[in-house]
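Next comes input_10.tsv, with TSV, C-alpha atoms and all ligand atoms.
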chain	number	residue	atom	x	y	z
A	1086	MET	CA	103.73	94.21	80.73
A	1087	ARG	CA	104.05	96.70	77.84
A	1088	LYS	CA	102.39	100.02	78.73
A	1089	LYS	CA	99.23	100.97	76.87
A	1090	LYS	CA	98.50	104.65	76.17
A	1091	TRP	CA	94.84	104.39	77.11
A	1092	ALA	CA	95.55	102.77	80.50
A	1093	GLU	CA	96.16	105.88	82.67
A	1094	PRO	CA	93.21	107.95	81.38
A	1095	TYR	CA	90.99	104.87	81.70
A	1096	LEU	CA	92.03	104.24	85.31
A	1097	CYS	CA	91.51	107.94	86.03
A	1098	GLU	CA	88.01	107.86	84.53
A	1099	HIS	CA	87.09	104.85	86.69
A	1100	SER	CA	88.81	105.94	89.90
A	1101	ASP	CA	85.74	105.05	91.96
A	1102	TYR	CA	86.33	101.41	90.98
A	1103	ALA	CA	90.11	101.28	90.48
A	1104	MET	CA	91.68	103.05	93.44
A	1105	ASP	CA	95.35	103.79	94.13
A	1106	ASN	CA	95.38	104.05	97.89
A	1107	PRO	CA	91.98	103.48	99.56
A	1108	VAL	CA	93.09	104.18	103.14
A	1109	SER	CA	89.69	105.65	104.01
A	1110	TYR	CA	88.00	102.30	103.22
A	1111	LYS	CA	90.00	100.47	105.89
A	1112	GLY	CA	87.61	98.70	108.26
A	1113	SER	CA	84.53	99.51	106.13
A	1114	TRP	CA	84.82	97.33	103.03
A	1115	LYS	CA	81.91	95.04	103.87
A	1116	LYS	CA	79.65	98.00	104.63
A	1117	ILE	CA	80.68	99.83	101.47
A	1118	LEU	CA	80.26	96.77	99.24
A	1119	GLY	CA	77.15	95.53	101.08
A	1120	CYS	CA	78.44	92.01	101.63
A	1121	SER	CA	79.09	89.67	104.52
A	1122	VAL	CA	81.94	87.73	102.88
A	1123	LEU	CA	85.00	89.55	101.57
A	1124	HIS	CA	87.51	88.05	99.09
A	1125	VAL	CA	90.81	89.65	98.13
A	1126	GLU	CA	92.85	88.45	95.16
A	1127	ILE	CA	96.47	89.61	95.25
A	1128	GLY	CA	98.23	89.86	91.87
A	1129	THR	CA	95.00	90.01	89.87
A	1130	GLY	CA	96.71	90.50	86.51
A	1131	LYS	CA	94.19	91.22	83.75
A	1132	GLY	CA	91.25	90.37	86.00
A	1133	ASP	CA	89.90	87.15	84.50
A	1134	TYR	CA	89.59	85.38	87.84
A	1135	LEU	CA	88.23	88.37	89.73
A	1136	ASN	CA	85.53	89.07	87.16
A	1137	GLN	CA	84.49	85.46	86.73
A	1138	MET	CA	84.32	84.83	90.47
A	1139	ALA	CA	82.36	88.06	91.03
A	1140	ALA	CA	79.86	86.85	88.42
A	1141	MET	CA	79.69	83.37	90.00
A	1142	TYR	CA	79.31	84.66	93.58
A	1143	PRO	CA	77.49	88.00	93.16
A	1144	GLU	CA	76.46	88.36	96.81
A	1145	GLU	CA	80.09	88.28	97.99
A	1146	GLY	CA	82.57	91.15	97.91
A	1147	TRP	CA	85.60	90.91	95.57
A	1148	ILE	CA	88.68	93.11	95.68
A	1149	GLY	CA	91.64	92.71	93.35
A	1150	ILE	CA	95.10	94.12	94.04
A	1151	GLU	CA	97.38	94.65	91.05
A	1152	LYS	CA	100.51	96.78	90.91
A	1153	ASP	CA	100.99	96.78	87.12
A	1154	ARG	CA	98.90	99.71	85.91
A	1155	THR	CA	98.36	98.40	82.39
A	1156	ALA	CA	97.21	94.98	83.62
A	1157	ALA	CA	94.98	96.78	86.14
A	1158	ALA	CA	93.45	98.94	83.39
A	1159	ILE	CA	92.62	95.79	81.40
A	1160	ALA	CA	91.05	94.23	84.53
A	1161	CYS	CA	89.12	97.45	85.08
A	1162	ARG	CA	87.84	97.46	81.49
A	1163	LYS	CA	86.62	93.86	81.88
A	1164	ALA	CA	84.68	94.85	85.00
A	1165	VAL	CA	83.18	97.93	83.32
A	1166	GLU	CA	82.22	96.06	80.15
A	1167	GLY	CA	80.85	93.10	82.10
A	1168	LEU	CA	78.94	95.45	84.46
A	1169	GLN	CA	80.66	93.63	87.32
A	1170	MET	CA	81.36	96.63	89.53
A	1171	HIS	CA	78.54	96.32	92.04
A	1172	LYS	CA	80.39	94.46	94.81
A	1173	GLN	CA	83.85	94.67	93.35
A	1174	LYS	CA	86.84	97.04	93.57
A	1175	LEU	CA	90.40	97.11	92.32
A	1176	ILE	CA	93.38	98.46	94.21
A	1177	VAL	CA	96.11	99.56	91.79
A	1178	ASN	CA	99.17	99.43	94.00
A	1179	ASP	CA	101.72	97.11	95.58
A	1180	ALA	CA	100.28	94.62	98.07
A	1181	GLU	CA	103.09	95.46	100.48
A	1182	HIS	CA	100.79	98.30	101.65
A	1183	LEU	CA	98.00	95.84	102.55
A	1184	LEU	CA	97.83	96.97	106.18
A	1185	ASP	CA	97.08	100.55	105.09
A	1186	TRP	CA	93.88	99.36	103.41
A	1187	PHE	CA	92.54	96.51	105.54
A	1188	ASP	CA	91.85	96.23	109.23
A	1189	GLU	CA	92.35	93.28	111.56
A	1190	ASN	CA	89.92	90.38	110.78
A	1191	GLU	CA	88.42	92.19	107.80
A	1192	ILE	CA	89.04	89.64	105.02
A	1193	ASP	CA	87.47	86.18	104.75
A	1194	MET	CA	89.51	84.74	101.92
A	1195	ILE	CA	92.76	85.67	100.18
A	1196	HIS	CA	93.44	84.28	96.70
A	1197	LEU	CA	96.99	84.00	95.33
A	1198	ASN	CA	96.84	82.93	91.71
A	1199	PHE	CA	100.03	82.18	89.81
A	1200	SER	CA	102.07	84.65	91.81
A	1201	ASP	CA	105.48	85.57	90.41
A	1202	PRO	CA	107.86	82.76	91.49
A	1203	TRP	CA	110.96	84.93	92.15
A	1204	PRO	CA	113.25	81.89	91.68
A	1205	LYS	CA	116.54	83.41	92.90
A	1206	LYS	CA	117.08	82.93	96.60
A	1207	TYR	CA	117.82	86.59	97.31
A	1208	THR	CA	114.44	87.52	95.76
A	1209	HIS	CA	112.35	84.99	97.75
A	1210	LYS	CA	111.26	87.68	100.18
A	1211	ARG	CA	109.25	89.30	97.37
A	1212	ARG	CA	107.09	86.21	96.96
A	1213	LEU	CA	103.46	86.87	97.85
A	1214	SER	CA	103.49	83.72	100.00
A	1215	SER	CA	106.71	84.61	101.86
A	1216	GLU	CA	106.74	85.02	105.64
A	1217	LYS	CA	106.52	88.81	105.49
A	1218	PHE	CA	103.30	88.65	103.47
A	1219	LEU	CA	101.90	85.74	105.50
A	1220	SER	CA	102.22	87.73	108.71
A	1221	MET	CA	100.24	90.58	107.09
A	1222	TYR	CA	97.61	88.09	105.91
A	1223	GLN	CA	97.34	86.70	109.45
A	1224	TYR	CA	96.44	90.16	110.68
A	1225	VAL	CA	93.82	91.07	108.08
A	1226	LEU	CA	92.24	87.62	107.81
A	1227	ASN	CA	89.18	86.78	109.83
A	1228	LYS	CA	90.17	84.06	112.32
A	1229	ASN	CA	87.98	81.56	110.41
A	1230	GLY	CA	89.41	82.82	107.15
A	1231	CYS	CA	91.69	81.12	104.69
A	1232	ILE	CA	94.14	81.54	101.83
A	1233	ARG	CA	93.85	79.73	98.52
A	1234	MET	CA	96.93	79.52	96.37
A	1235	LYS	CA	97.33	78.11	92.85
A	1236	THR	CA	100.55	77.90	90.84
A	1237	ASP	CA	102.25	76.00	88.03
A	1238	ASN	CA	105.62	76.38	89.74
A	1239	GLN	CA	106.70	73.35	91.76
A	1240	ASP	CA	109.55	75.09	93.59
A	1241	LEU	CA	107.36	77.99	94.63
A	1242	PHE	CA	104.67	75.57	95.73
A	1243	GLU	CA	107.01	73.39	97.81
A	1244	ASP	CA	108.63	76.42	99.45
A	1245	SER	CA	105.20	77.92	100.11
A	1246	VAL	CA	104.00	74.78	101.90
A	1247	LEU	CA	106.92	75.36	104.30
A	1248	TYR	CA	106.25	79.11	104.61
A	1249	PHE	CA	102.64	78.43	105.56
A	1250	GLN	CA	103.59	75.77	108.10
A	1251	GLN	CA	106.37	77.87	109.61
A	1252	SER	CA	103.99	80.80	109.96
A	1253	GLY	CA	101.53	78.66	111.91
A	1254	PHE	CA	98.90	78.15	109.22
A	1255	MET	CA	97.10	74.84	108.99
A	1256	LEU	CA	97.07	73.25	105.52
A	1257	ASP	CA	93.47	72.17	104.88
A	1258	GLU	CA	93.90	70.97	101.31
A	1259	ILE	CA	96.85	70.24	99.03
A	1260	SER	CA	96.65	69.13	95.41
A	1261	VAL	CA	99.48	68.52	92.96
A	1262	ASN	CA	97.13	68.15	89.99
A	1263	TYR	CA	94.15	70.30	90.86
A	1264	ARG	CA	92.59	70.39	87.38
A	1265	ARG	CA	92.58	66.61	87.05
A	1266	SER	CA	89.02	67.16	88.28
A	1267	PRO	CA	87.13	70.05	86.68
A	1268	HIS	CA	86.25	72.20	89.77
A	1269	PRO	CA	83.54	74.32	88.17
A	1270	GLU	CA	83.18	76.23	91.47
A	1271	ASP	CA	86.60	77.83	90.95
A	1272	ALA	CA	87.28	80.05	87.91
A	1273	ILE	CA	90.30	79.42	85.67
A	1274	THR	CA	92.77	82.31	85.64
A	1275	GLU	CA	94.51	83.62	82.52
A	1276	TYR	CA	97.82	81.96	83.44
A	1277	GLU	CA	96.08	78.79	84.56
A	1278	SER	CA	94.41	78.40	81.20
A	1279	ARG	CA	97.82	78.68	79.47
A	1280	PHE	CA	99.37	76.00	81.67
A	1281	MET	CA	96.35	73.74	81.31
A	1282	SER	CA	96.61	73.94	77.53
A	1283	LEU	CA	100.27	72.85	77.86
A	1284	GLN	CA	99.06	69.87	79.97
A	1285	GLN	CA	101.05	71.14	82.98
A	1286	PRO	CA	99.81	70.24	86.44
A	1287	ILE	CA	98.30	72.96	88.60
A	1288	TYR	CA	99.37	72.96	92.25
A	1289	ARG	CA	96.89	74.24	94.77
A	1290	LEU	CA	96.58	74.60	98.52
A	1291	GLN	CA	94.19	76.01	101.05
A	1292	ALA	CA	95.61	77.21	104.36
A	1293	SER	CA	93.69	78.47	107.35
A	1294	LEU	CA	94.33	80.12	110.66
A	1295	HIS	CA	92.67	77.68	113.08
A	1296	ASN	CA	95.92	76.91	114.83
A	1297	VAL	CA	97.77	80.18	114.80
A	1298	CYS	CA	99.01	81.00	118.27
A	1299	ASP	CA	98.14	84.42	119.73
A	1300	SER	CA	101.75	85.49	120.13
A	1301	LYS	CA	102.27	85.30	116.37
A	1302	ILE	CA	99.22	87.46	115.76
A	1303	ASN	CA	100.25	89.95	118.44
A	1304	MET	CA	103.68	90.32	116.90
A	1305	ILE	CA	102.35	92.33	113.99
A	1306	LYS	CA	100.09	94.71	115.96
A	1401	LIG	C1	102.11	85.87	86.85
A	1401	LIG	S1	100.90	87.12	86.93
A	1401	LIG	C2	99.41	86.21	87.29
A	1401	LIG	C3	98.16	86.96	86.94
A	1401	LIG	C4	96.84	86.27	87.32
A	1401	LIG	N1	96.71	86.10	88.74
A	1401	LIG	C5	96.68	84.95	86.63
A	1401	LIG	O1	96.71	83.92	87.29
A	1401	LIG	O2	96.48	84.96	85.40
A	1401	LIG	C6	101.28	87.83	88.52
A	1401	LIG	C7	100.66	89.21	88.71
A	1401	LIG	O3	100.87	89.61	90.06
A	1401	LIG	C8	101.20	90.99	90.07
A	1401	LIG	N2	101.96	91.23	91.32
A	1401	LIG	C9	103.15	90.68	91.66
A	1401	LIG	N3	103.57	91.14	92.87
A	1401	LIG	C10	102.61	92.01	93.29
A	1401	LIG	C11	102.48	92.83	94.45
A	1401	LIG	N4	103.42	92.84	95.40
A	1401	LIG	N5	101.38	93.61	94.56
A	1401	LIG	C12	100.44	93.61	93.57
A	1401	LIG	N6	100.51	92.87	92.45
A	1401	LIG	C13	101.58	92.07	92.30
A	1401	LIG	C14	102.02	91.19	88.81
A	1401	LIG	O4	102.05	92.54	88.40
A	1401	LIG	C15	101.28	90.28	87.83
A	1401	LIG	O5	100.27	90.98	87.15
What's the C-alpha cells form of this structure?
Ligand SMILES: C[S@@+](CC[C@H](N)C(=O)[O-])C[C@H]1O[C@@H](n2cnc3c(N)ncnc32)[C@H](O)[C@@H]1O
Amino acid sequence: MRKKKWAEPYLCEHSDYAMDNPVSYKGSWKKILGCSVLHVEIGTGKGDYLNQMAAMYPEEGWIGIEKDRTAAAIACRKAVEGLQMHKQKLIVNDAEHLLDWFDENEIDMIHLNFSDPWPKKYTHKRRLSSEKFLSMYQYVLNKNGCIRMKTDNQDLFEDSVLYFQQSGFMLDEISVNYRRSPHPEDAITEYESRFMSLQQPIYRLQASLHNVCDSKINMIK
C-alpha cells in the first residue's frame, strides 16, 4: 500500500490503541479489555471487518494484527472515528511474533480474511494458514476455540484445507459459495465486498481443535 504522510504521527498519537509490540499484555488481554471472549483478526487491512464486528458484538474483545503501517493507520482512524476502541486493540506488526503477545489458550477465535495467497510454491510458507502459523494458532487458541478463514482464492483455499487437516484441526464447516446466503452475523470485509461485486464465489471454512493430539501441542512449548 502507498505510504500516507499522516499515518506515522496518527499511529503515534493513538499508541494506546494501535500498539507495535504489546509483550506486557500477554496473558492479560481478557482482563484488560474486560471480556470473556477474545477474537483476533490477522491481516486486518484497513479495518472494515474488525470495526464492524466490534460494533456487532460489543461485549466481546477484538484485536486486529496488521503489518502494513498505512493500512493500520486507516484501521485505527476508523476505530477512533467510530468510537469503537472500548474492547478493541490493533497490533501493528508482523503476525510471526504472535507468541510474544499471546499466551497459551488465550484466544477464542482467529479470523483470517482474504489473506495474501502467495501463489509461488517457494513463498507458501508465508501464508497465514501455512503449517508454521497453524502450530502457533494451536498454542494460543483456547482448546474449544476455532479459526474462521475466508478467501476468493481457490488454490489457497484448497491448500489450506490440507494444511488444517495435516496440522490436526477438525474442519467444522466448509463453503465454496459462502455469500450465496446473506450471513448477516458475519461482516463483509473490504476485499470480500470487491469480489462479491465481481460475482466471484467466496470460500470459507471453520476449523477447530477438538481432535488435536497432545503431542502436537507439546511440540511448540
Ligand atoms: C489482501 S489484504 C486483506 C485485508 C482484509 N482482511 C480484507 O479482507 O479486506 C491482506 C492483509 O494482510 C496483511 N498481512 C499479510 N501478512 C501479514 C502478517 N504476516 N502479519 C500481519 N499482517 C499481514 C497485509 O499487509 C494486508 O493488509
Spatial sel., origin (86.9, 81.2, 93.9), limit 9 Å, all atoms listed in the file, listed as a list in words: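 These residues have at least one counted atom within 9 Å: His1124, Tyr1134, Leu1135, Gln1137, Met1138, Ala1139, Met1141, Tyr1142, His1196, Arg1233, Glu1270, Asp1271 and Ala1272 of chain A.
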Counting all atoms listed in the file, the residue of A:Asp1185, A:Asp1101, A:Asp1193, A:Glu1093 that sits nearest A:Asn1229: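 Answer, going by the shortest atom-to-atom distance: A:Asp1193.
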Shell around stretch 1151-1158 of chain A at 8 Å using all atoms listed in the file, local window under 3 positions removed, as a list of chain:residue names: A:Met1086, A:Arg1087, A:Lys1088, A:Lys1089, A:Ala1092, A:Glu1093, A:Tyr1095, A:Leu1096, A:Ala1103, A:Ile1127, A:Gly1128, A:Thr1129, A:Gly1130, A:Lys1131, A:Gly1132, A:Cys1161, A:Arg1162, A:Leu1175, A:Ile1176, A:Val1177, A:Asn1178, A:Asp1179, A:Ala1180
Who sits within 10 Å of A:Asp1201, all atoms listed in the file, same chain under 6 positions skipped, as a list in words: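 Near A:Asp1201, the qualifying residues are Gly1128, Arg1211, Arg1212, Leu1213, Ser1214, Thr1236, Asn1238 and Leu1241 of chain A.
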Could you work out an axis-aligned box for ligand LIG 1401 (chain A), taking every atom the file lists and adding 5 Å on each side, and report centre and edge lengths in Å to one decimal, as lines of an AutoDock Vina configuration file?
center_x = 100.0
center_y = 88.8
center_z = 90.4
size_x = 17.1
size_y = 19.7
size_z = 20.0
Pick from A:Leu1247, A:Cys1231, A:Ala1140, A:Ile1259 nearest to A:His1171, counting only C-alpha atoms: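 With only C-alpha atoms as the atom set, the closest residue is A:Ala1140.
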Any idea what's packed within 9 Å of A:Ser1215, counting all atoms listed in the file, ignoring anything in its chain fewer than 3 positions away? Could you give it as an mmCIF file with C-alpha atoms, in the coordinates of the input?
data_model
loop_
_atom_site.group_PDB
_atom_site.id
_atom_site.type_symbol
_atom_site.label_atom_id
_atom_site.label_comp_id
_atom_site.auth_asym_id
_atom_site.auth_seq_id
_atom_site.Cartn_x
_atom_site.Cartn_y
_atom_site.Cartn_z
ATOM 1 C CA HIS A 1209 112.350 84.990 97.750
ATOM 2 C CA LYS A 1210 111.260 87.680 100.180
ATOM 3 C CA ARG A 1211 109.250 89.300 97.370
ATOM 4 C CA ARG A 1212 107.090 86.210 96.960
ATOM 5 C CA PHE A 1218 103.300 88.650 103.470
ATOM 6 C CA LEU A 1219 101.900 85.740 105.500
ATOM 7 C CA SER A 1220 102.220 87.730 108.710
ATOM 8 C CA ASP A 1244 108.630 76.420 99.450
ATOM 9 C CA SER A 1245 105.200 77.920 100.110
ATOM 10 C CA TYR A 1248 106.250 79.110 104.610
ATOM 11 C CA PHE A 1249 102.640 78.430 105.560
#
d(atom CA of A:Pro1202, atom CA of A:Asp1240) in Å: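 Taking atom CA of A:Pro1202 and atom CA of A:Asp1240, their separation equals 8.1 Å.
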List the neighbours of A:Asp1257 out to 12 Å using all atoms listed in the file; skip same-chain residues closer than 5 positions along the sequence, and give me the result as a PDB file with C-alpha atoms, in the frame of the given file.
ATOM      1  CA  GLY A1230      89.410  82.820 107.150  1.00  0.00           C
ATOM      2  CA  CYS A1231      91.690  81.120 104.690  1.00  0.00           C
ATOM      3  CA  ILE A1232      94.140  81.540 101.830  1.00  0.00           C
ATOM      4  CA  ARG A1233      93.850  79.730  98.520  1.00  0.00           C
ATOM      5  CA  MET A1234      96.930  79.520  96.370  1.00  0.00           C
ATOM      6  CA  VAL A1246     104.000  74.780 101.900  1.00  0.00           C
ATOM      7  CA  PHE A1249     102.640  78.430 105.560  1.00  0.00           C
ATOM      8  CA  GLN A1250     103.590  75.770 108.100  1.00  0.00           C
ATOM      9  CA  ARG A1289      96.890  74.240  94.770  1.00  0.00           C
ATOM     10  CA  LEU A1290      96.580  74.600  98.520  1.00  0.00           C
ATOM     11  CA  GLN A1291      94.190  76.010 101.050  1.00  0.00           C
ATOM     12  CA  ALA A1292      95.610  77.210 104.360  1.00  0.00           C
ATOM     13  CA  SER A1293      93.690  78.470 107.350  1.00  0.00           C
ATOM     14  CA  LEU A1294      94.330  80.120 110.660  1.00  0.00           C
ATOM     15  CA  HIS A1295      92.670  77.680 113.080  1.00  0.00           C
ATOM     16  CA  ASN A1296      95.920  76.910 114.830  1.00  0.00           C
TER      17      ASN A1296
END
Using only C-alpha atoms and all ligand atoms: which of A:Glu1189, A:Asp1237, A:Glu1258, A:Glu1144 has the shortest distance to ligand LIG 1401 (chain A):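 Selected residue with least distance to ligand LIG 1401 (chain A): A:Asp1237.
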Pairwise distance for atom CA of A:Lys1174 and atom CA of A:Ile1148, rounded to one decimal in Å: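 Distance between the two atoms: 4.8 Å.
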Between atom CA of A:Tyr1224 and atom CA of A:Leu1184, distance in Å (one decimal): 8.3 Å
Option closest in space to A:Lys1163, from A:Tyr1102, A:His1182, A:Pro1094, A:Glu1191 [counting only C-alpha atoms]: A:Tyr1102
Best match for closeness to A:Leu1168 among A:Pro1143, A:Gly1149, A:Lys1115, A:Val1122, counting all atoms listed in the file: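 Selected residue with least distance to A:Leu1168: A:Pro1143.
Shortest separation to ligand LIG 1401 (chain A) among A:Asp1188, A:Glu1098, A:Asp1105, A:Glu1181 occurs at residue A:Glu1181, atoms counted being all atoms listed in the file.
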Kindly output stretch 1124-1137 of chain A as a JSON list (two decimals), keeping the file's coordinate frame, after building N, CA and C atoms.
[["chain", "number", "residue", "atom", "x", "y", "z"],
["A", 1124, "HIS", "N", 86.37, 88.73, 99.74],
["A", 1124, "HIS", "CA", 87.51, 88.05, 99.09],
["A", 1124, "HIS", "C", 88.49, 89.09, 98.59],
["A", 1125, "VAL", "N", 89.78, 88.78, 98.70],
["A", 1125, "VAL", "CA", 90.81, 89.65, 98.13],
["A", 1125, "VAL", "C", 91.74, 88.79, 97.28],
["A", 1126, "GLU", "N", 91.89, 89.15, 96.02],
["A", 1126, "GLU", "CA", 92.85, 88.45, 95.16],
["A", 1126, "GLU", "C", 94.08, 89.35, 95.00],
["A", 1127, "ILE", "N", 95.25, 88.81, 95.32],
["A", 1127, "ILE", "CA", 96.47, 89.61, 95.25],
["A", 1127, "ILE", "C", 97.28, 89.19, 94.02],
["A", 1128, "GLY", "N", 97.57, 90.17, 93.16],
["A", 1128, "GLY", "CA", 98.23, 89.86, 91.87],
["A", 1128, "GLY", "C", 97.18, 89.44, 90.85],
["A", 1129, "THR", "N", 96.18, 90.31, 90.70],
["A", 1129, "THR", "CA", 95.00, 90.01, 89.87],
["A", 1129, "THR", "C", 95.29, 89.91, 88.38],
["A", 1130, "GLY", "N", 96.39, 90.51, 87.94],
["A", 1130, "GLY", "CA", 96.71, 90.50, 86.51],
["A", 1130, "GLY", "C", 95.61, 91.21, 85.73],
["A", 1131, "LYS", "N", 95.17, 90.57, 84.63],
["A", 1131, "LYS", "CA", 94.19, 91.22, 83.75],
["A", 1131, "LYS", "C", 92.75, 90.97, 84.20],
["A", 1132, "GLY", "N", 92.58, 90.38, 85.37],
["A", 1132, "GLY", "CA", 91.25, 90.37, 86.00],
["A", 1132, "GLY", "C", 90.31, 89.23, 85.62],
["A", 1133, "ASP", "N", 90.80, 88.23, 84.90],
["A", 1133, "ASP", "CA", 89.90, 87.15, 84.50],
["A", 1133, "ASP", "C", 89.26, 86.46, 85.70],
["A", 1134, "TYR", "N", 90.10, 86.12, 86.67],
["A", 1134, "TYR", "CA", 89.59, 85.38, 87.84],
["A", 1134, "TYR", "C", 88.62, 86.24, 88.64],
["A", 1135, "LEU", "N", 89.04, 87.46, 88.92],
["A", 1135, "LEU", "CA", 88.23, 88.37, 89.73],
["A", 1135, "LEU", "C", 86.84, 88.55, 89.13],
["A", 1136, "ASN", "N", 86.81, 88.80, 87.82],
["A", 1136, "ASN", "CA", 85.53, 89.07, 87.16],
["A", 1136, "ASN", "C", 84.66, 87.83, 87.06],
["A", 1137, "GLN", "N", 85.29, 86.70, 86.79],
["A", 1137, "GLN", "CA", 84.49, 85.46, 86.73],
["A", 1137, "GLN", "C", 83.94, 85.08, 88.09]]
